[in-house]
Structures are given as C-alpha cells and as structure tokens.
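*Asks:* The structure that follows is given in the form of structure tokens.
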There are 2 protein chains.
Amino acid sequence: MKPATAQKRIEGVLSPVITPFKRDLSPDPDRFVKHCRWLMKSGCAGLAVFGTNSEANSMAVDEKLELLEALIKSGVPAASLMPGTGHCALTDSVKMTREAVRMGCGGVLMLPPFYYKGVSDEGLFRNFSEVIERVGDERLRLYLYHIPPVSNVAITLELIDKLLTRYPGIVAGAKDSSGDWNNTKAMLDRFKDRGFDVFPGSEMFLLDGLRAGGKGCITATGNVNPGPISEVYKNWRGPNADQLQTGINTTRKIMQKVPMIPALKAVTAHFSNDPAWKTVRPPLVELTADQEKLVITELKSAGFSMPEL
Amino acid sequence: MKPATAQKRIEGVLSPVITPFKRDLSPDPDRFVKHCRWLMKSGCAGLAVFGTNSEANSMAVDEKLELLEALIKSGVPAASLMPGTGHCALTDSVKMTREAVRMGCGGVLMLPPFYYKGVSDEGLFRNFSEVIERVGDERLRLYLYHIPPVSNVAITLELIDKLLTRYPGIVAGAKDSSGDWNNTKAMLDRFKDRGFDVFPGSEMFLLDGLRAGGKGCITATGNVNPGPISEVYKNWRGPNADQLQTGINTTRKIMQKVPMIPALKAVTAHFSNDPAWKTVRPPLVELTADQEKLVITELKSAGFSMPEL
C-alpha cells in the first residue's frame, strides 16, 4: 500500500443520521437525503451515516450502499461523510469500506465484529488489518467505533496503539460511545498527538472533549439539535462556551428519558410535521403514546425547535 | 399463507458444522462437503450448518448460500439440513431463510437480531413475524436459537408462546444454548406438547433432555465426536444409556478446557491429518501450540478418534 497523503480531516459535530423507512420497512432515500441536507445546513461538519442510531445493523449492505449513492448524487460532499462500515462478517466490512472509499468518503466509522464475545485484541487487530489490507487504498481514513454498551466488544487502548503503530495515517481516530469520560480522556491523552482524532459519542462531553484535545463529537441528538450543538463547537474557546454547553445538555437530558432511537424519529416526525418518520425496523419499536407525549411536551417547554432552513 | 402440511421433522443429534477456510480466508466448499458427509455417515441426524460454531456470523449471506448449494448438490439430503438464517438485518434474514426453504431445507435455526441490546419481546416478535410473512411458505420450519451468552439477546418463554400461538406448525422448536438446564426444562415443560421440538445446545444435556421430552441435541462437539453422541440418542431408553452419556461427557469436558471453535478445528485437523482445518476467520484466533497440545494429548489418552468411514 502506498503511504497516506495529506488530506483535510473531518472535524466538528457529526450526526449519526437516523434512517427513514417506508411503510414496507424499505429505506426511504428521499426523506434520507432531505434530512441529511438539513443537518449539513444546520451546522453539522459531517454525517456519520449508518451508525447505531441509523439502525444500520438492521439493514443489508446493499441497502446501505444505495442510500450512500443517493446521498452523494444529491450533492452532499462525500468528503464530509463517515459511513459506518463495520459488520460481523469480514467480507461485508471489506465490501462496504471499499465502496465508501471509492465514492470518496472522508472516513469510515468501523465497529468491531460484534457477534463473538470475549475475543482477543489479536483477533480484533487481524479483523481491522484484513479490512485495511484488502481495501488497499491510501485514501482510507478509519475511525474505530468503541460502543461497549451495545456491541459488547471493546476497542481497548492497547488495540488502538497496535493499529496506529502499524497503520499511521490510515487509522485516523475513534468515536468513544462508552459513556465513560475517563476512557475518553485516556484515549485523548495517549493518542491525540499521534494523528488520532477522538470524538466523544455524546454532546454531553463536547466541551470537555475539545478542551482535552478532542475534535468534536458524533452524537445521536445531532439529528434533532444540530444547530445549538454546533454552536458549542464553534464557540468553545469563547466566554459563553459553558453556558452554551449547559443549554444542549438540557435537550439531551430530555431525550434520554425515553429510548433514544425511536425518540429521535418521533421528535423528527413531530417537529418536521412528517409522521412517516416514526417507523423503525424490528427489533426496535416506536415510542408509546405516553413516551412520545412526555418528550415532545418537555422539549416544547424548553423552547426546542427544528427550524426549516 | 397456507396452513403447514404434515412433514417429518428432524430429530436426533445435529452438528453445527465448522466451516473450513482456505489460506485467503474464503470458505472451502470441498472440505466442507467432505466433513458434512462424514458427519452424516457417523450418525448425525442432521446438520445445523451456519451456527455459532460455523463462524457463520463472520461470513456474508452470499458466501453461506454458495456453501449450501454445494452441499445439497453433493447429495446430502436437504431435508436433514437446518441452516442458521438469523442476521441483524431483517432483509438478510429474509433472503437467507427464503433461499433455505426454496432449496428444501428441513428447517432453519434462527438467531434473534443481536446488535441492539435490551430490546422488547414485541420487537423480537415483529422481527420473526416479518421473516415468516415475507418468506410466506408453508414448508418453513423455524427453530428459535436461544444463546444468550453469545447473542446477549434472549428468546424468552413468553416470546415463544406468542410466536407458537400465531404460527403453529411453522414455529417448530428451539435450540437452547443457555447452558442452563432449568431454562431447557421450563421450555420443554411448557411447549413440548404443542409441536415445539427442543434441542439442548450441548450433549451434556442430551440424556436429561430426551427423558424430559426433548428431541435430540445440536452440539459443537458433534463435529468431532458424532458417533458416540449419536449412540446415546439411539440407546437412550436402553440399560446402558447413563454409561454412554458419561463417556461423551468426558470428551466434552476435555474440549471445554480451551476455546471451543478453534479447538474443534485443531482436533479435526489433527485427527483427519489435514492442517488446513486450523484456519479461523477474525475475530477468532487459532489455538496456541500449548492449548493444542493439551487438548490433543488428553483426547488421545481418553481413546478418542475420528474414524474414517
């Protein structure tokens, strides 16, 4: 493989884009593109399409590739996209990563294979290494996706060290969705000066992360609250940064009172006046009427909106 | 959907067939077919290809379908096959299940979607229901795969009840790999008289399971010890059943001293004199030399063999 060339990295607030489904549960490219364009106009630096909040693991590789093609064709810059490309099956991860690089995506956000539990760092190293070698493209920017509460398979600091040593420039960073600030801080302290960009997985850690050398955040609520979250990023060195952070925390805490993924969809449905957004794929279920009422009422009381742009 | 017609169900010992990989980690259909034929000649009633022990979740749908086609083309009766067809992605599960039914497989063994954790029975019901409705074929025999230590998503008794009530005849049974005899017993007590066939996920529970109304077992070590395990099944009402059970327990306990999947491959490699069998796909790794020596030495001391037939 040729050495990686210099290339502008994605920095700022990324939204792990929720995926709209039609009544027959097939992905809806039109609503998807519309939402993505709104997110970019609202201040997102990039889109981590096909993440956990996207119900990406409930979709087949080809379904995701069709959405990705539609998105890029619509004019959203590929360089601002960081699609999720990690699957349980090595060959699926290779296919999806190869296509993402071919389409010019700024990066890929890669889950470890997550079916087998208690696997070794050596086994996980081999997985990522096989993907990198098979894709064999110096344009690849691989971000490791650490989300042990869901994947139940961790990306340890030792694994990062080994991958970064072997593939500098290609291994470009991580999303830390552990929810554990101590882990994010340890990741930053150890790797931030080695070309490794750390994105906390919640805006609750956005300001703390930036102050410790982080590059932004990749956050669920970026789907509904992209403007205010992006304001924290833009003003993090300013005098009102803490006040802005407190504001976005309030919204986040309301969202966290109910299951996050159907909540993102219910809120999008309500504030964009488009009930079709509520549809989720099994094994998820939509919010109950009570849950929906709770979150909408509290958001309204807090002055929340999703302004058309 | 038309009602299910009467059809002989698979009963006895099934092997969750290990998958051979070539040096480039692609599946090896020739070795796969050869091993499957040996298993059937050795006493297996059926083959649960593409299970946990098959590293099935490390393979793409199309890779599995190619192996399945090669196997059926080789003359192994499709009616004796119970391929794993459950994926995280609804559309993958539908595709794989549809193809398995089209090829005449006796059943399918279906994992729940296993990425999202803490999902509701309602969400899981919708997943299985969508697959059944979309496949829409009265020949489908769906066996639920309960393996919480790996999937981290359980098939509860309440979920079984709901599915069995809605799809009698189609929902045909379960493999219980909880390792918890109390759960297997509860499953048997509640559903064995409702056309629901329970297979413990280890031969350690074979005799107890049969005595409580079970239909056999689907067990990892069925890959290397199919003859003696099948003897327990054939003689379970006989005077020497307990003695036969004690014998297969000894082999199982030796295997359990090291990681099971690479152990099955190392043992197959050694006793069939074919080192290529040792290859595993990431995130798994092969046994260390010490682990391999331990398990081979102890098996030899116990008089273990894999006789050519």
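Naming works like this for the structure tokens: A, B, ... for the chains as they're shown, residue 1 at the start of each chain, ligands 1 onward in shown order.
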Please return as a PyMOL selection string: the residues of range 23-252 of chain B that backbone DSSP assigns to alpha helix (DSSP H).

*Replies:* chain B and resi 29-41+61-73+90-102+121-135+148-151+157-166+181-191+206-211+226-234+241-252

*Asks:* Taking only C-alpha atoms into account, what are the residues of chain A at most 8 Å from chain B, put as a PyMOL selection string?

*Replies:* chain A and resi 57-60+88-92+113-117+119-120+122-127+150-151+281-285

*Asks:* Keeping only N, CA, C and O atoms, take the residues you just selected and write them out as a CSV table (one decimal), in the first residue's frame.

*Replies:*
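Done, and the output landed in result32.csv:
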```csv
chain,number,residue,atom,x,y,z
A,57,ASN,N,-27.4,-1.6,11.5
A,57,ASN,CA,-27.2,-3.1,11.6
A,57,ASN,C,-28.5,-3.8,11.3
A,57,ASN,O,-28.5,-5.0,11.3
A,58,SER,N,-29.6,-3.1,11.2
A,58,SER,CA,-30.8,-3.7,10.8
A,58,SER,C,-31.0,-3.7,9.2
A,58,SER,O,-32.0,-4.1,8.7
A,59,MET,N,-30.0,-3.2,8.6
A,59,MET,CA,-30.0,-3.1,7.1
A,59,MET,C,-28.9,-4.0,6.4
A,59,MET,O,-27.8,-4.1,7.0
A,60,ALA,N,-29.2,-4.5,5.3
A,60,ALA,CA,-28.2,-5.2,4.5
A,60,ALA,C,-27.2,-4.3,3.8
A,60,ALA,O,-27.5,-3.1,3.7
A,88,CYS,N,-20.2,-7.9,11.3
A,88,CYS,CA,-19.7,-9.1,11.9
A,88,CYS,C,-18.9,-9.9,10.9
A,88,CYS,O,-17.9,-10.5,11.2
A,89,ALA,N,-19.4,-9.9,9.6
A,89,ALA,CA,-18.7,-10.7,8.6
A,89,ALA,C,-17.6,-9.8,7.9
A,89,ALA,O,-17.8,-8.8,7.4
A,90,LEU,N,-16.4,-10.4,8.0
A,90,LEU,CA,-15.2,-9.7,7.4
A,90,LEU,C,-15.5,-9.3,6.0
A,90,LEU,O,-15.2,-8.1,5.6
A,91,THR,N,-16.1,-10.1,5.2
A,91,THR,CA,-16.3,-9.8,3.8
A,91,THR,C,-17.3,-8.7,3.6
A,91,THR,O,-17.2,-7.9,2.6
A,92,ASP,N,-18.3,-8.6,4.5
A,92,ASP,CA,-19.2,-7.4,4.4
A,92,ASP,C,-18.5,-6.1,4.8
A,92,ASP,O,-18.7,-5.1,4.1
A,113,PRO,N,-16.2,-6.6,14.8
A,113,PRO,CA,-17.2,-7.7,14.6
A,113,PRO,C,-17.7,-8.0,16.0
A,113,PRO,O,-17.0,-8.2,17.0
A,114,PHE,N,-19.1,-8.0,16.1
A,114,PHE,CA,-19.7,-8.0,17.4
A,114,PHE,C,-20.5,-9.2,17.8
A,114,PHE,O,-21.2,-9.2,18.8
A,115,TYR,N,-20.4,-10.3,17.0
A,115,TYR,CA,-21.2,-11.5,17.4
A,115,TYR,C,-20.4,-12.2,18.5
A,115,TYR,O,-21.0,-12.5,19.6
A,116,TYR,N,-19.2,-12.6,18.3
A,116,TYR,CA,-18.4,-13.4,19.2
A,116,TYR,C,-18.0,-12.5,20.3
A,116,TYR,O,-17.5,-11.4,20.1
A,117,LYS,N,-18.1,-12.9,21.6
A,117,LYS,CA,-17.8,-12.1,22.7
A,117,LYS,C,-16.5,-12.7,23.4
A,117,LYS,O,-16.1,-13.9,23.2
A,119,VAL,N,-13.5,-11.9,22.7
A,119,VAL,CA,-12.4,-12.2,21.7
A,119,VAL,C,-11.2,-11.4,22.1
A,119,VAL,O,-11.3,-10.4,22.8
A,120,SER,N,-10.1,-11.8,21.5
A,120,SER,CA,-8.8,-11.2,21.9
A,120,SER,C,-8.5,-9.9,21.1
A,120,SER,O,-9.0,-9.7,20.0
A,122,GLU,N,-5.8,-9.5,19.6
A,122,GLU,CA,-5.1,-10.1,18.4
A,122,GLU,C,-6.2,-10.4,17.4
A,122,GLU,O,-6.0,-10.1,16.2
A,123,GLY,N,-7.3,-11.0,17.7
A,123,GLY,CA,-8.3,-11.3,16.8
A,123,GLY,C,-8.9,-10.1,16.2
A,123,GLY,O,-9.2,-10.0,15.0
A,124,LEU,N,-9.1,-9.0,17.0
A,124,LEU,CA,-9.7,-7.8,16.5
A,124,LEU,C,-8.7,-7.1,15.6
A,124,LEU,O,-9.0,-6.5,14.6
A,125,PHE,N,-7.4,-7.1,16.0
A,125,PHE,CA,-6.4,-6.5,15.2
A,125,PHE,C,-6.4,-7.1,13.8
A,125,PHE,O,-6.3,-6.5,12.8
A,126,ARG,N,-6.5,-8.5,13.8
A,126,ARG,CA,-6.5,-9.2,12.5
A,126,ARG,C,-7.7,-8.7,11.6
A,126,ARG,O,-7.6,-8.6,10.4
A,127,ASN,N,-8.8,-8.5,12.3
A,127,ASN,CA,-10.0,-8.1,11.6
A,127,ASN,C,-9.8,-6.8,10.9
A,127,ASN,O,-10.0,-6.6,9.7
A,150,VAL,N,-23.4,-1.5,23.6
A,150,VAL,CA,-24.2,-2.1,22.6
A,150,VAL,C,-23.5,-3.2,21.9
A,150,VAL,O,-24.0,-4.4,21.8
A,151,SER,N,-22.3,-3.0,21.5
A,151,SER,CA,-21.5,-4.0,20.8
A,151,SER,C,-21.1,-5.1,21.7
A,151,SER,O,-20.9,-6.3,21.3
A,281,ARG,N,-37.4,-0.2,12.2
A,281,ARG,CA,-37.3,-1.6,11.8
A,281,ARG,C,-37.2,-2.5,13.1
A,281,ARG,O,-36.5,-2.1,14.0
A,282,PRO,N,-37.8,-3.7,13.0
A,282,PRO,CA,-37.6,-4.6,14.1
A,282,PRO,C,-36.0,-4.9,14.2
A,282,PRO,O,-35.4,-4.9,13.2
A,283,PRO,N,-35.5,-5.1,15.4
A,283,PRO,CA,-36.2,-5.4,16.7
A,283,PRO,C,-36.6,-4.1,17.5
A,283,PRO,O,-37.0,-4.3,18.6
A,284,LEU,N,-36.4,-2.9,16.9
A,284,LEU,CA,-36.8,-1.7,17.7
A,284,LEU,C,-38.3,-1.6,17.5
A,284,LEU,O,-39.0,-2.1,16.6
A,285,VAL,N,-38.9,-0.9,18.4
A,285,VAL,CA,-40.3,-0.5,18.4
A,285,VAL,C,-40.4,1.0,18.6
A,285,VAL,O,-39.6,1.6,19.2
```

*Asks:* Between A:Thr279, A:Thr251, A:Thr19, A:Thr288, which one has atoms that come closest to Val224 in chain A, using only C-alpha atoms?

*Replies:*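 Of the candidates, the smallest distance to Val224 in chain A is held by A:Thr251.
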
*Asks:* May I ask which of the residues B:Gly106, B:Gly51, B:Gly179, B:Pro275 is the closest one to Glu138 in chain B, counting only C-alpha atoms?

*Replies:*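 Answer, going by the shortest atom-to-atom distance: B:Gly106.
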
*Asks:* Excluding Asp28 in chain B and residues on its chain fewer than 2 positions from it, collect all residues at most 12 Å away from it, counting only C-alpha atoms, and give them as a list in words.

*Replies:* Ile18, Thr19, Pro20, Phe21, Lys22, Arg23, Asp24, Leu25, Ser26, Asp30, Arg31, Phe32, Val33, Lys34, His35, Glu63, Lys64, Glu66, Leu67, Leu68, Ala70, Leu71, Ala276, Trp277, Thr279 and Val280 of chain B

*Asks:* Select from range 134-248 of chain B everything DSSP, run on the backbone, classes as strand (DSSP E or B), then give the selection as a ChimeraX atom specification.

*Replies:* /B:142-146,168,171-176,197-200,216-218

*Asks:* I need the chosen residues saved as a tab-separated table (two decimals), in the first residue's frame, with N, CA, C and O atoms.

*Replies:*
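The resulting file, result31.tsv, is shown below:
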```tsv
chain	number	residue	atom	x	y	z
B	142	LEU	N	-39.30	-23.21	11.46
B	142	LEU	CA	-38.41	-22.24	12.10
B	142	LEU	C	-38.08	-22.67	13.53
B	142	LEU	O	-38.97	-22.86	14.36
B	143	TYR	N	-36.80	-22.86	13.78
B	143	TYR	CA	-36.31	-23.19	15.12
B	143	TYR	C	-35.63	-21.95	15.69
B	143	TYR	O	-34.75	-21.36	15.05
B	144	LEU	N	-36.06	-21.55	16.87
B	144	LEU	CA	-35.53	-20.35	17.51
B	144	LEU	C	-34.21	-20.67	18.21
B	144	LEU	O	-34.08	-21.72	18.85
B	145	TYR	N	-33.25	-19.78	18.07
B	145	TYR	CA	-31.91	-20.04	18.58
B	145	TYR	C	-31.65	-19.16	19.81
B	145	TYR	O	-31.41	-17.97	19.69
B	146	HIS	N	-31.71	-19.81	20.98
B	146	HIS	CA	-31.52	-19.10	22.25
B	146	HIS	C	-30.09	-19.33	22.74
B	146	HIS	O	-29.76	-20.43	23.21
B	168	PRO	N	-48.45	-21.70	14.50
B	168	PRO	CA	-48.28	-23.13	14.84
B	168	PRO	C	-47.89	-23.90	13.58
B	168	PRO	O	-48.35	-23.59	12.49
B	171	VAL	N	-43.48	-22.33	13.42
B	171	VAL	CA	-42.54	-22.25	14.55
B	171	VAL	C	-42.44	-23.66	15.13
B	171	VAL	O	-43.40	-24.17	15.70
B	172	ALA	N	-41.29	-24.29	14.92
B	172	ALA	CA	-41.19	-25.74	15.10
B	172	ALA	C	-40.38	-26.16	16.32
B	172	ALA	O	-40.42	-27.32	16.72
B	173	GLY	N	-39.62	-25.23	16.91
B	173	GLY	CA	-38.82	-25.63	18.05
B	173	GLY	C	-37.74	-24.64	18.37
B	173	GLY	O	-37.78	-23.48	17.93
B	174	ALA	N	-36.77	-25.10	19.17
B	174	ALA	CA	-35.69	-24.21	19.58
B	174	ALA	C	-34.43	-25.00	19.87
B	174	ALA	O	-34.48	-26.18	20.23
B	175	LYS	N	-33.30	-24.33	19.71
B	175	LYS	CA	-32.04	-24.80	20.27
B	175	LYS	C	-31.79	-23.95	21.50
B	175	LYS	O	-31.77	-22.72	21.42
B	176	ASP	N	-31.61	-24.60	22.64
B	176	ASP	CA	-31.34	-23.86	23.87
B	176	ASP	C	-29.86	-23.98	24.23
B	176	ASP	O	-29.43	-24.99	24.78
B	197	ASP	N	-40.25	-28.58	19.22
B	197	ASP	CA	-39.17	-29.53	19.47
B	197	ASP	C	-37.94	-28.83	20.07
B	197	ASP	O	-37.37	-27.94	19.44
B	198	VAL	N	-37.56	-29.27	21.25
B	198	VAL	CA	-36.45	-28.61	21.96
B	198	VAL	C	-35.17	-29.44	21.83
B	198	VAL	O	-35.16	-30.64	22.10
B	199	PHE	N	-34.11	-28.76	21.44
B	199	PHE	CA	-32.79	-29.35	21.32
B	199	PHE	C	-31.83	-28.61	22.26
B	199	PHE	O	-31.51	-27.44	22.01
B	200	PRO	N	-31.35	-29.27	23.33
B	200	PRO	CA	-30.31	-28.61	24.12
B	200	PRO	C	-29.08	-28.34	23.25
B	200	PRO	O	-28.83	-29.08	22.29
B	216	GLY	N	-33.39	-34.38	20.87
B	216	GLY	CA	-32.01	-34.66	20.50
B	216	GLY	C	-31.11	-33.59	21.04
B	216	GLY	O	-31.35	-33.08	22.14
B	217	CYS	N	-30.10	-33.20	20.30
B	217	CYS	CA	-29.28	-32.05	20.67
B	217	CYS	C	-28.57	-31.51	19.45
B	217	CYS	O	-28.45	-32.20	18.43
B	218	ILE	N	-28.16	-30.27	19.55
B	218	ILE	CA	-27.37	-29.63	18.49
B	218	ILE	C	-26.12	-29.15	19.18
B	218	ILE	O	-26.16	-28.20	19.97
```

*Asks:* Please indicate the distance in Å from CA of Met187 in chain B to CA of Leu157 in chain B, rounded to one decimal place.

*Replies:*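 CA of Leu157 in chain B lies at a distance of 6.7 Å from CA of Met187 in chain B.
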
*Asks:* For Val17 in chain B, which residue among B:Pro148, B:Pro259, B:Gly107, B:Pro226 is the nearest when counting only C-alpha atoms?

*Replies:*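 That would be B:Pro226, the residue with the smallest distance to Val17 in chain B.
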
*Asks:* Would you pick out the contacts of Gly209 in chain B at 10 Å or less, using only C-alpha atoms, so that residues sharing its chain but fewer than 2 positions from it are not included, and give the list as a short mmCIF file (atom, residue, chain, number, x, y, z; two decimals) with N, CA and C atoms, in the first residue's frame?

*Replies:*
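Contents of the output file out.cif:
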```cif
data_model
loop_
_atom_site.label_atom_id
_atom_site.label_comp_id
_atom_site.auth_asym_id
_atom_site.auth_seq_id
_atom_site.Cartn_x
_atom_site.Cartn_y
_atom_site.Cartn_z
N TRP B 181 -29.86 -25.71 32.51
CA TRP B 181 -30.82 -26.81 32.40
C TRP B 181 -32.23 -26.38 32.85
N THR B 184 -33.96 -25.00 29.89
CA THR B 184 -34.33 -26.05 28.94
C THR B 184 -35.54 -26.82 29.45
N LYS B 185 -35.53 -27.13 30.73
CA LYS B 185 -36.63 -27.88 31.34
C LYS B 185 -37.94 -27.08 31.28
N LEU B 188 -39.23 -27.18 27.76
CA LEU B 188 -39.82 -28.49 27.47
C LEU B 188 -41.19 -28.62 28.13
N VAL B 198 -37.56 -29.27 21.25
CA VAL B 198 -36.45 -28.61 21.96
C VAL B 198 -35.17 -29.44 21.83
N PHE B 199 -34.11 -28.76 21.44
CA PHE B 199 -32.79 -29.35 21.32
C PHE B 199 -31.83 -28.61 22.26
N PRO B 200 -31.35 -29.27 23.33
CA PRO B 200 -30.31 -28.61 24.12
C PRO B 200 -29.08 -28.34 23.25
N GLU B 203 -24.34 -31.72 24.31
CA GLU B 203 -24.64 -33.13 24.58
C GLU B 203 -24.61 -33.46 26.06
N MET B 204 -24.08 -32.55 26.88
CA MET B 204 -24.11 -32.76 28.33
C MET B 204 -25.56 -32.92 28.81
N PHE B 205 -26.48 -32.32 28.09
CA PHE B 205 -27.91 -32.38 28.46
C PHE B 205 -28.70 -33.32 27.56
N LEU B 206 -28.01 -34.15 26.78
CA LEU B 206 -28.72 -34.98 25.80
C LEU B 206 -29.68 -35.96 26.48
N LEU B 207 -29.17 -36.75 27.39
CA LEU B 207 -29.99 -37.78 28.02
C LEU B 207 -31.09 -37.16 28.89
N ARG B 211 -35.14 -37.56 28.19
CA ARG B 211 -36.03 -38.07 29.24
C ARG B 211 -37.12 -37.07 29.61
N ALA B 212 -36.86 -35.78 29.32
CA ALA B 212 -37.86 -34.76 29.64
C ALA B 212 -38.69 -34.37 28.42
N GLY B 213 -38.50 -35.10 27.31
CA GLY B 213 -39.32 -34.81 26.14
C GLY B 213 -38.60 -34.07 25.02
N GLY B 214 -37.28 -33.93 25.13
CA GLY B 214 -36.50 -33.27 24.08
C GLY B 214 -36.37 -34.17 22.85
N LYS B 215 -35.86 -33.61 21.77
CA LYS B 215 -35.82 -34.35 20.51
C LYS B 215 -34.41 -34.70 20.07
N GLY B 216 -33.39 -34.38 20.87
CA GLY B 216 -32.01 -34.66 20.50
C GLY B 216 -31.11 -33.59 21.04
N CYS B 217 -30.10 -33.20 20.30
CA CYS B 217 -29.28 -32.05 20.67
C CYS B 217 -28.57 -31.51 19.45
#
```
